[in-house]
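Q: File name data-v2.cif; file contents mmCIF, C-alpha atoms; full text below.
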```cif
data_query
#
loop_
_atom_site.label_atom_id
_atom_site.label_comp_id
_atom_site.auth_asym_id
_atom_site.auth_seq_id
_atom_site.Cartn_x
_atom_site.Cartn_y
_atom_site.Cartn_z
CA MET A 1 107.31 92.19 173.95
CA SER A 2 104.99 94.95 175.19
CA GLY A 3 102.01 96.26 173.24
CA PRO A 4 102.26 98.34 170.03
CA LEU A 5 104.02 101.67 170.35
CA ALA A 6 105.00 104.28 167.75
CA PHE A 7 108.33 106.03 168.29
CA SER A 8 109.20 109.41 166.76
CA VAL A 9 112.47 111.35 166.59
CA LEU A 10 111.84 113.22 163.30
CA GLY A 11 110.10 115.98 165.17
CA PRO A 12 109.59 116.20 168.96
CA LEU A 13 110.51 112.99 170.77
CA ARG A 14 107.30 111.00 171.16
CA VAL A 15 106.12 107.55 172.08
CA VAL A 16 102.46 106.91 171.32
CA GLY A 17 100.55 103.91 172.58
CA PRO A 18 96.98 102.71 172.07
CA GLU A 19 95.72 105.32 174.52
CA GLY A 20 97.83 108.21 173.27
CA PRO A 21 101.28 109.75 173.97
CA LEU A 22 103.24 108.40 176.92
CA PRO A 23 104.71 110.72 179.58
CA LEU A 24 108.45 110.35 179.03
CA GLY A 25 109.74 112.28 182.04
CA GLY A 26 112.20 115.14 182.27
CA PRO A 27 114.70 116.30 179.65
CA LYS A 28 117.60 114.09 180.75
CA GLN A 29 115.51 110.92 180.82
CA ARG A 30 114.19 111.88 177.39
CA CYS A 31 117.78 112.32 176.20
CA VAL A 32 118.53 108.71 177.17
CA LEU A 33 115.56 107.43 175.18
CA ALA A 34 116.38 109.63 172.18
CA MET A 35 119.99 108.44 172.06
CA LEU A 36 118.89 104.81 172.21
CA LEU A 37 116.30 105.33 169.45
CA LEU A 38 118.76 107.16 167.21
CA ASP A 39 120.96 104.06 167.38
CA SER A 40 118.09 101.60 167.38
CA GLY A 41 119.29 98.01 167.35
CA ARG A 42 122.84 98.93 168.35
CA VAL A 43 124.46 99.07 171.78
CA VAL A 44 125.02 102.57 173.16
CA SER A 45 127.74 102.59 175.80
CA VAL A 46 127.21 103.94 179.29
CA ASP A 47 130.07 106.41 178.79
CA ARG A 48 128.51 107.76 175.62
CA LEU A 49 125.10 108.10 177.29
CA ILE A 50 126.63 109.98 180.20
CA ASP A 51 128.51 112.33 177.88
CA GLY A 52 125.37 112.89 175.80
CA VAL A 53 123.15 113.63 178.79
CA TRP A 54 125.49 115.68 181.02
CA GLY A 55 128.19 116.88 178.65
CA ASP A 56 131.81 117.34 179.71
CA GLU A 57 131.05 117.73 183.42
CA PRO A 58 128.82 114.89 184.65
CA HIS A 59 128.09 114.78 188.36
CA ASP A 60 129.52 112.07 190.59
CA ARG A 61 126.35 109.98 190.59
CA ALA A 62 125.76 110.17 186.81
CA ALA A 63 126.12 106.41 186.32
CA SER A 64 123.60 105.51 189.01
CA THR A 65 121.23 108.26 187.82
CA LEU A 66 121.46 106.81 184.31
CA GLN A 67 120.37 103.44 185.70
CA VAL A 68 117.33 105.12 187.26
CA TYR A 69 116.41 106.71 183.93
CA VAL A 70 116.69 103.35 182.16
CA SER A 71 114.56 101.69 184.83
CA ASN A 72 111.89 104.37 184.46
CA LEU A 73 111.87 104.01 180.69
CA ARG A 74 111.51 100.25 180.95
CA LYS A 75 108.41 100.74 183.08
CA LEU A 76 107.00 103.08 180.43
CA ILE A 77 107.71 101.16 177.22
CA GLY A 78 108.41 97.63 178.45
CA ALA A 79 111.43 95.97 180.06
CA ASP A 80 111.89 93.78 176.99
CA ARG A 81 112.48 96.83 174.79
CA ILE A 82 115.64 98.09 176.55
CA LEU A 83 118.26 95.38 176.96
CA THR A 84 121.41 95.55 179.04
CA GLU A 85 124.35 94.58 176.84
CA ARG A 86 127.98 95.40 177.54
CA PRO A 87 129.13 98.10 177.51
CA GLY A 88 125.70 99.75 177.77
CA TYR A 89 122.12 99.39 176.55
CA ARG A 90 120.31 98.48 173.32
CA ILE A 91 116.74 99.38 172.43
CA VAL A 92 114.67 96.92 170.40
CA VAL A 93 112.06 98.56 168.16
CA ASP A 94 110.31 97.07 165.14
CA ASP A 95 111.32 98.81 161.90
CA ASP A 96 107.77 99.96 161.18
CA ASP A 97 107.42 101.49 164.64
CA LEU A 98 110.23 104.08 164.33
CA ASP A 99 109.87 107.02 161.96
CA LEU A 100 113.62 107.25 161.33
CA THR A 101 113.79 103.64 160.13
CA ARG A 102 110.80 104.16 157.84
CA PHE A 103 112.44 107.31 156.45
CA ASP A 104 115.70 105.51 155.69
CA ARG A 105 113.87 102.61 154.05
CA GLN A 106 111.89 104.92 151.77
CA VAL A 107 115.00 106.89 150.81
CA SER A 108 116.82 103.69 149.89
CA ALA A 109 113.85 102.63 147.74
CA GLY A 110 113.78 106.04 146.05
CA ILE A 111 117.48 105.85 145.21
CA GLU A 112 117.02 102.38 143.75
CA HIS A 113 114.05 103.45 141.62
CA ALA A 114 115.85 106.59 140.39
CA SER A 115 118.94 104.58 139.42
CA ALA A 116 116.73 102.29 137.35
CA GLY A 117 114.94 105.20 135.66
CA ARG A 118 111.65 104.53 137.47
CA HIS A 119 111.08 108.21 138.22
CA ARG A 120 107.40 107.95 139.17
CA GLN A 121 108.17 105.33 141.81
CA ALA A 122 111.20 107.32 142.94
CA GLU A 123 109.06 110.42 143.44
CA GLU A 124 106.54 108.44 145.48
CA ALA A 125 109.26 106.87 147.64
CA PHE A 126 110.97 110.19 148.40
CA ALA A 127 107.59 111.80 149.13
CA GLY A 128 106.85 108.93 151.52
CA ALA A 129 110.20 109.48 153.22
CA LEU A 130 109.52 113.17 153.74
CA ALA A 131 106.05 112.39 155.10
CA CYS A 132 107.77 110.69 158.06
CA TRP A 133 108.85 114.10 159.34
CA ASP A 134 106.87 116.23 161.79
CA GLY A 135 109.10 119.25 162.33
CA GLU A 136 112.74 119.63 163.25
CA PRO A 137 114.54 116.49 164.48
CA ILE A 138 114.31 115.88 168.25
CA ALA A 139 112.86 119.37 168.38
CA ASP A 140 112.42 119.39 172.16
CA LEU A 141 116.00 118.28 172.83
CA GLN A 142 118.00 120.24 170.26
CA TYR A 143 120.12 122.07 172.84
CA GLU A 144 121.07 119.06 174.94
CA PRO A 145 124.78 118.03 174.88
CA PHE A 146 124.30 115.07 172.51
CA ALA A 147 122.04 116.86 170.04
CA PRO A 148 123.89 119.36 167.79
CA SER A 149 125.74 116.90 165.57
CA ILE A 150 122.73 114.56 165.50
CA VAL A 151 120.40 117.36 164.46
CA ALA A 152 122.79 118.53 161.74
CA GLY A 153 123.11 115.02 160.33
CA LEU A 154 119.38 114.31 160.32
CA THR A 155 118.62 117.70 158.78
CA GLU A 156 121.11 117.03 155.99
CA ARG A 157 119.48 113.68 155.26
CA ARG A 158 116.06 115.33 155.04
CA GLU A 159 117.32 118.09 152.72
CA ALA A 160 119.03 115.55 150.47
CA ALA A 161 115.76 113.60 150.25
CA LYS A 162 113.95 116.79 149.20
CA GLU A 163 116.49 117.36 146.45
CA SER A 164 116.15 113.77 145.28
CA GLU A 165 112.39 114.17 145.10
CA TRP A 166 112.83 117.34 143.02
CA ASP A 167 115.18 115.47 140.69
CA ALA A 168 112.51 112.82 140.19
CA ARG A 169 109.86 115.46 139.49
CA LEU A 170 112.13 117.20 136.98
CA ALA A 171 112.67 113.85 135.28
CA LEU A 172 108.86 113.49 135.05
CA GLY A 173 108.53 116.87 133.30
CA HIS A 174 107.15 118.85 136.25
CA HIS A 175 109.52 121.78 135.66
CA HIS A 176 106.77 124.42 135.41
CA GLU A 177 105.20 123.62 138.77
CA LEU A 178 108.56 123.28 140.54
CA ILE A 179 109.83 126.79 139.87
CA ALA A 180 108.13 128.54 142.80
CA GLU A 181 109.08 125.72 145.19
CA LEU A 182 112.71 125.82 144.11
CA GLU A 183 112.83 129.60 144.33
CA ARG A 184 111.73 129.35 147.97
CA ALA A 185 114.29 126.60 148.56
CA VAL A 186 117.25 128.62 147.29
CA ALA A 187 116.07 131.62 149.29
CA ASP A 188 115.95 129.51 152.47
CA THR A 189 119.20 127.59 151.81
CA PRO A 190 121.21 129.74 149.38
CA LEU A 191 124.48 127.83 149.80
CA ARG A 192 123.12 124.50 148.52
CA GLU A 193 124.32 124.46 144.91
CA ARG A 194 122.26 121.42 143.95
CA ARG A 195 119.09 123.47 144.48
CA TRP A 196 120.37 126.30 142.33
CA ALA A 197 121.14 123.74 139.62
CA GLN A 198 117.62 122.34 139.83
CA LEU A 199 116.14 125.85 139.60
CA LEU A 200 118.23 126.62 136.53
CA VAL A 201 117.01 123.45 134.82
CA ALA A 202 113.36 124.11 135.73
CA LEU A 203 113.53 127.68 134.40
CA TYR A 204 115.31 126.68 131.20
CA ARG A 205 112.89 123.85 130.43
CA SER A 206 110.01 126.26 130.98
CA GLY A 207 111.28 128.52 128.20
CA ARG A 208 112.84 131.05 130.59
CA GLN A 209 116.45 131.00 129.45
CA ALA A 210 117.13 134.59 130.54
CA ASP A 211 115.73 133.91 134.00
CA ALA A 212 117.87 130.78 134.27
CA LEU A 213 121.00 132.81 133.52
CA ALA A 214 119.90 135.48 136.01
CA ALA A 215 119.50 132.76 138.65
CA TYR A 216 123.03 131.57 137.91
CA GLY A 217 124.23 135.13 138.50
CA SER A 218 122.42 135.22 141.84
CA ALA A 219 123.96 131.90 142.84
CA ARG A 220 127.44 133.10 141.94
CA ARG A 221 127.08 136.39 143.85
CA THR A 222 125.77 134.54 146.90
CA LEU A 223 128.65 132.05 146.94
CA VAL A 224 131.25 134.74 146.37
CA ASP A 225 129.79 137.06 149.02
CA GLU A 226 129.19 134.38 151.66
CA LEU A 227 132.08 131.97 151.10
CA GLY A 228 134.49 133.73 148.79
CA ILE A 229 134.24 130.92 146.19
CA ASP A 230 132.93 130.57 142.66
CA PRO A 231 130.17 128.08 141.82
CA GLY A 232 131.18 124.46 141.51
CA ALA A 233 131.69 122.52 138.32
CA GLU A 234 128.04 121.44 137.97
CA LEU A 235 126.67 124.98 138.09
CA ARG A 236 129.34 126.25 135.70
CA ARG A 237 128.55 123.42 133.30
CA LEU A 238 124.86 124.30 133.46
CA GLU A 239 125.51 127.95 132.66
CA SER A 240 127.56 126.95 129.62
CA ALA A 241 124.88 124.47 128.49
CA ILE A 242 122.14 127.09 128.83
CA LEU A 243 124.12 129.64 126.82
CA SER A 244 124.61 127.11 124.02
CA GLN A 245 121.06 125.70 124.30
CA ASP A 246 122.55 122.24 124.76
CA PRO A 247 119.95 119.60 123.78
CA SER A 248 120.98 117.50 126.78
CA LEU A 249 119.14 119.98 129.01
CA ASP A 250 115.80 119.37 127.33
CA TRP A 251 113.27 117.18 129.06
CA GLN A 252 112.95 113.75 127.51
CA PRO A 253 109.80 111.80 128.39
CA ALA A 254 110.25 108.21 129.48
CA GLY A 255 110.69 106.03 126.44
CA GLY A 256 111.41 109.05 124.23
CA ASP A 257 113.97 108.98 121.44
CA PRO A 258 117.22 110.35 122.90
CA SER A 259 118.75 110.71 119.43
CA GLY A 260 116.56 113.72 118.77
CA THR A 261 114.68 112.46 115.72
CA THR A 262 111.11 112.88 116.96
CA THR A 263 108.67 115.62 116.04
CA THR A 264 105.53 116.18 118.07
CA VAL A 265 102.69 118.42 116.95
CA ARG A 266 100.19 119.92 119.37
CA ARG A 267 97.02 120.41 117.35
CA GLY A 268 94.31 122.97 117.75
CA PRO A 269 90.71 122.41 116.78
CA THR A 270 90.02 121.54 113.16
CA GLY A 271 88.08 123.76 110.79
CA SER A 272 90.60 126.43 109.69
CA THR A 273 91.78 126.22 106.14
CA PRO A 274 95.43 127.45 106.28
CA ASN A 275 97.64 124.49 107.03
CA ILE A 276 101.17 123.15 107.14
CA THR A 277 102.29 119.91 105.52
CA LEU A 278 104.56 118.02 107.90
CA PRO A 279 107.49 115.83 106.87
CA ASN A 280 105.40 112.66 107.10
CA GLY A 281 102.83 114.03 104.65
CA SER A 282 100.07 114.82 107.13
CA ARG A 283 98.62 118.29 107.38
CA LEU A 284 98.24 120.47 110.45
CA GLU A 285 95.44 123.03 110.38
CA LEU A 286 96.46 126.45 111.68
CA VAL A 287 93.89 128.04 113.95
CA ASP A 288 94.00 131.81 114.37
CA ARG A 289 96.78 132.10 116.97
CA HIS A 290 100.57 132.08 117.22
CA TRP A 291 102.29 128.71 116.77
CA THR A 292 105.77 128.23 118.20
CA ILE A 293 108.24 125.88 116.54
CA GLY A 294 111.24 124.60 118.47
CA ARG A 295 113.00 121.89 120.39
CA SER A 296 111.40 122.83 123.72
CA THR A 297 108.71 120.40 124.81
CA ASP A 298 106.23 123.23 125.40
CA SER A 299 106.38 124.40 121.76
CA ASP A 300 103.33 123.89 119.56
CA ILE A 301 105.39 122.05 116.95
CA VAL A 302 108.20 120.23 118.72
CA LEU A 303 111.19 119.37 116.54
CA ALA A 304 113.37 117.34 118.88
CA SER A 305 116.62 117.57 116.95
CA PRO A 306 119.96 119.12 118.00
CA ASP A 307 119.98 121.47 114.98
CA VAL A 308 116.73 123.09 116.17
CA SER A 309 116.80 125.78 118.87
CA ARG A 310 114.55 125.52 121.87
CA ARG A 311 112.32 128.34 120.56
CA HIS A 312 113.29 128.48 116.93
CA ALA A 313 110.51 130.18 114.98
CA GLU A 314 106.91 131.29 115.15
CA LEU A 315 103.99 131.07 112.75
CA ARG A 316 101.43 133.85 113.21
CA PRO A 317 98.42 135.32 111.45
CA THR A 318 98.83 138.80 109.96
CA ASP A 319 96.45 141.62 109.22
CA GLY A 320 94.40 140.86 106.15
CA GLY A 321 94.15 137.14 106.77
CA GLY A 322 97.66 136.10 105.75
CA TRP A 323 100.35 134.21 107.65
CA ALA A 324 104.00 134.96 108.39
CA ILE A 325 106.91 133.09 109.92
CA SER A 326 109.47 134.80 112.17
CA ASP A 327 112.83 133.59 113.39
CA LEU A 328 113.02 133.81 117.20
CA GLY A 329 116.75 134.34 117.45
CA SER A 330 117.58 130.73 116.67
CA THR A 331 121.10 129.41 116.31
CA ASN A 332 120.73 128.08 112.76
CA GLY A 333 118.05 130.39 111.40
CA ILE A 334 115.29 129.49 108.95
CA THR A 335 115.02 129.43 105.20
CA VAL A 336 111.97 129.86 103.00
CA ASN A 337 112.25 128.46 99.48
CA GLY A 338 116.01 128.12 100.03
CA VAL A 339 116.52 131.77 101.06
CA ASP A 340 117.57 132.78 104.57
CA ALA A 341 114.83 134.72 106.32
CA THR A 342 114.14 136.32 109.67
CA GLU A 343 110.58 137.46 108.83
CA TYR A 344 108.64 136.21 105.85
CA GLN A 345 105.09 136.70 104.58
CA LEU A 346 104.06 133.21 103.52
CA GLY A 347 102.37 132.29 100.30
CA ASP A 348 100.80 129.10 99.06
CA GLY A 349 103.37 126.34 98.59
CA ASP A 350 106.24 128.04 100.41
CA GLU A 351 108.77 125.55 101.80
CA ILE A 352 110.08 126.33 105.29
CA GLU A 353 113.28 124.66 106.49
CA VAL A 354 113.88 124.46 110.24
CA GLY A 355 116.95 122.41 111.00
CA ARG A 356 116.67 119.15 109.07
CA PHE A 357 112.88 119.48 108.79
CA THR A 358 110.91 120.86 105.85
CA LEU A 359 107.37 122.14 106.29
CA VAL A 360 105.17 123.39 103.46
CA PHE A 361 102.67 126.22 103.99
CA HIS A 362 99.30 126.10 102.21
CA ALA A 363 97.22 129.24 101.97
CA PRO A 364 93.46 129.02 102.60
CA VAL A 365 91.70 127.01 99.93
CA ALA A 366 88.31 125.39 99.64
CA PRO A 367 88.19 122.07 101.49
CA ASP A 368 88.86 119.02 99.33
CA PRO A 369 86.35 116.27 100.21
CA ALA A 370 88.77 113.65 98.91
CA ASN A 371 91.52 114.82 101.28
CA PRO A 372 89.94 115.87 104.58
CA PRO A 373 92.16 117.40 107.27
CA ASP A 374 93.47 115.26 110.10
CA PRO A 375 91.27 115.15 113.19
CA ALA A 376 92.32 117.04 116.28
CA GLY A 377 94.99 115.32 118.34
CA SER A 378 98.75 114.99 118.11
CA THR A 379 101.13 113.48 115.63
CA THR A 380 104.59 112.06 116.21
CA LEU A 381 107.01 111.94 113.30
CA GLN A 382 110.13 109.82 113.08
#
```
Before we go any further, please render this structure as structure tokens.
A:
Amino acid sequence: MSGPLAFSVLGPLRVVGPEGPLPLGGPKQRCVLAMLLLDSGRVVSVDRLIDGVWGDEPHDRAASTLQVYVSNLRKLIGADRILTERPGYRIVVDDDDLDLTRFDRQVSAGIEHASAGRHRQAEEAFAGALACWDGEPIADLQYEPFAPSIVAGLTERREAAKESEWDARLALGHHHELIAELERAVADTPLRERRWAQLLVALYRSGRQADALAAYGSARRTLVDELGIDPGAELRRLESAILSQDPSLDWQPAGGDPSGTTTTVRRGPTGSTPNITLPNGSRLELVDRHWTIGRSTDSDIVLASPDVSRRHAELRPTDGGGWAISDLGSTNGITVNGVDATEYQLGDGDEIEVGRFTLVFHAPVAPDPANPPDPAGSTTLQ
């Protein structure tokens, strides 16, 4: 076989050799090569090539002209690369030499990794697939007779790969950084419901429940105005789950406890004397700032249990050096010393119940050398 060549159809049609791009001739000769590459390894019939190059009205000498184009292409890329096989021709290209084959291979790997829960590898595979692209498919031949359906199919495969990569990134907890990208995506392709669904999830996991519901409203108006239809079942399910703060929407890190029995504490620096005793007996020092308590993974004290709202309550310093706890509109509310409360000025020893968890507030006291506070870091409770 001839020397190494790189073939590209995911962008302008190109063939690049050791000395640079090869001159591929006029549009119709390029059409023949593109059609062969798009069906690499399979026989493309003469009739199909003629229809793809000249459309419904080929001239009388189309068959002989096609033979000339094939002969010219063989001189360019090697006679052993284009084989004559009834009822037409078959191009032989190594898998690594054609961008479309590399794209398909990476997508298949990404799907396999995602199915097995290997989201990091899935993200890398889908990113690798998208890196095979260099613009619109067969960009210089998009208006030739064979091209419209081919372009539509390839474009759909690329867009599906993008959405699969976003799914992997959402599974990895990248919801904050994805919001702007997904907002651009739904603006560019507003009829793709999967992208709206991904945007809703990213907004909700970022603590923006109201924005997620507003995005659902935008999706519904778009679909009704453009197509006269309501959102599909997946988007409707998401709206309902957001309204009810369904725990299934929350991000779960790989290897996390899906039963919702884990508590994670994000600590501030040590040195402050007010503190909270956690259910496992350790103490969390409260630095002078607001501390959110909730099921959302970006809370300061994460109580990953279904009976805890995403943003359930807030601990905050008050004027005069005290501390208060406020309910943030949670589903189940909070109690302090067994009494329902929406806002409560805390005193030493007060017991705060949030869902199934009990936390005890301790007012500032002199440090006890025999019981030093925990060092800065994070604690996970079971």
Q: Expand the PyMOL selection byres ((chain A and resi 310-312) around 12) into the explicit residue set it covers here, and present it as JSON, numbers by chain.
A: {"A": [204, 205, 206, 207, 208, 209, 242, 243, 244, 245, 246, 247, 248, 249, 250, 251, 291, 292, 293, 294, 295, 296, 297, 298, 299, 300, 301, 302, 303, 304, 305, 306, 307, 308, 309, 313, 314, 315, 325, 326, 327, 328, 329, 330, 331, 332, 333, 334, 335, 342, 353, 354, 355]}
Q: Report as a PyMOL selection string the full result of the PyMOL selection byres ((chain A and resi 122) around 9) when it is applied to this structure.
A: chain A and resi 107+109-115+117-121+123-127+164-165+168-169
Q: What's the separation between atom CA of Ala215 of chain A and atom CA of Ser240 of chain A, in Å to one decimal place?
A: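 Distance reported for this atom pair: 13.4 Å.
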Q: Which residues would end up in the selection if the PyMOL selection byres ((chain A and resi 134) around 10) were applied here, given that I need the answer as an MDAnalysis selection string?
A: chainID A and resid 8:12 99 130:133 135:139
Q: Separation of atom CA of Thr277 of chain A and atom CA of Ala324 of chain A, in Å?
A: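 Straight-line distance from atom CA of Thr277 of chain A to atom CA of Ala324 of chain A works out to 15.4 Å.
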Q: For Gly25 of chain A, which residue out of A:Leu73, A:Lys162, A:Tyr89, A:Leu284 is the nearest one, using all atoms listed in the file?
A: A:Leu73
Q: Could you give me, as number ranges by chain, the residues within 10 Å of Ser40 of chain A, counting all atoms listed in the file and dropping anything in the same chain fewer than 2 positions from it?
A: A: 34-38, 42-44, 90-95, 98, 100-101
Q: A:Gly78, A:Pro21, A:Pro87, A:Pro27: which is nearest Asp47 of chain A, counting all atoms listed in the file?
A: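 Once distances to Asp47 of chain A are computed over all atoms listed in the file, the minimum belongs to A:Pro87.
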Q: What does the distance from atom CA of Val32 of chain A to atom CA of Arg105 of chain A come to in Å, to one decimal?
A: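 Interatomic distance, atom CA of Val32 of chain A to atom CA of Arg105 of chain A: 24.4 Å.
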Q: With a distance cut-off of 10 Å and all atoms listed in the file, select the neighbouring residues of Pro317 of chain A, excluding the residue or stretch itself and same-chain residues fewer than 4 positions from it, and output the selection as a PyMOL selection string.
A: chain A and resi 274+286-291+321-325+345-346
Q: Find the spatial neighbours of Arg194 of chain A, counting all atoms listed in the file, within a cut-off of 9 Å - ignore same-chain residues fewer than 3 positions away - and output them as a compact mmCIF listing (two decimals) with C-alpha atoms, in the frame of the given file.
A:
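Generated file (result_10.txt):
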```txt
# COMPACT_ATOMS: atom_id res chain seq x y z
CA GLU A 163 116.49 117.36 146.45
CA LEU A 191 124.48 127.83 149.80
CA ALA A 197 121.14 123.74 139.62
CA GLN A 198 117.62 122.34 139.83
CA LEU A 199 116.14 125.85 139.60
CA GLU A 234 128.04 121.44 137.97
CA LEU A 235 126.67 124.98 138.09
```
Q: So, counting only C-alpha atoms, which residue among A:Val53, A:Leu22, A:Val70, A:Ala214 is closest to Tyr143 of chain A?
A: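 Looking at the shortest contact to Tyr143 of chain A, the residue is A:Val53.
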Q: For Pro18 of chain A, please output as a list in words all residues within 10 Å (counting only C-alpha atoms; exclusion window: fewer than 4 positions along the same chain).
A: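 Final neighbour list, sorted by chain and number: Gly3, Pro4, Leu5, Ala6 and Leu22 of chain A.
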Q: Would you please work out which residue, of A:Ala171, A:Ala152, A:Leu13, A:Ala219, is nearest to Pro231 of chain A when using only C-alpha atoms?
A: A:Ala219
Q: I need the residue nearest Trp54 of chain A from this list: A:Ala363, A:Ala116, A:Leu223, A:Ala147. Use all atoms listed in the file for the distance.
A: A:Ala147
Q: Please provide the set of residues having any atom within 6 Å of Leu359 of chain A, restricted to all atoms listed in the file, with same-chain residues fewer than 3 positions apart removed, written as a PyMOL selection string.
A: chain A and resi 277-278+351-352
Q: Here is a test: counting all atoms listed in the file, which residue of A:Ser71, A:Tyr216, A:Leu154, A:Ala187 is nearest to Leu200 of chain A?
A: A:Tyr216
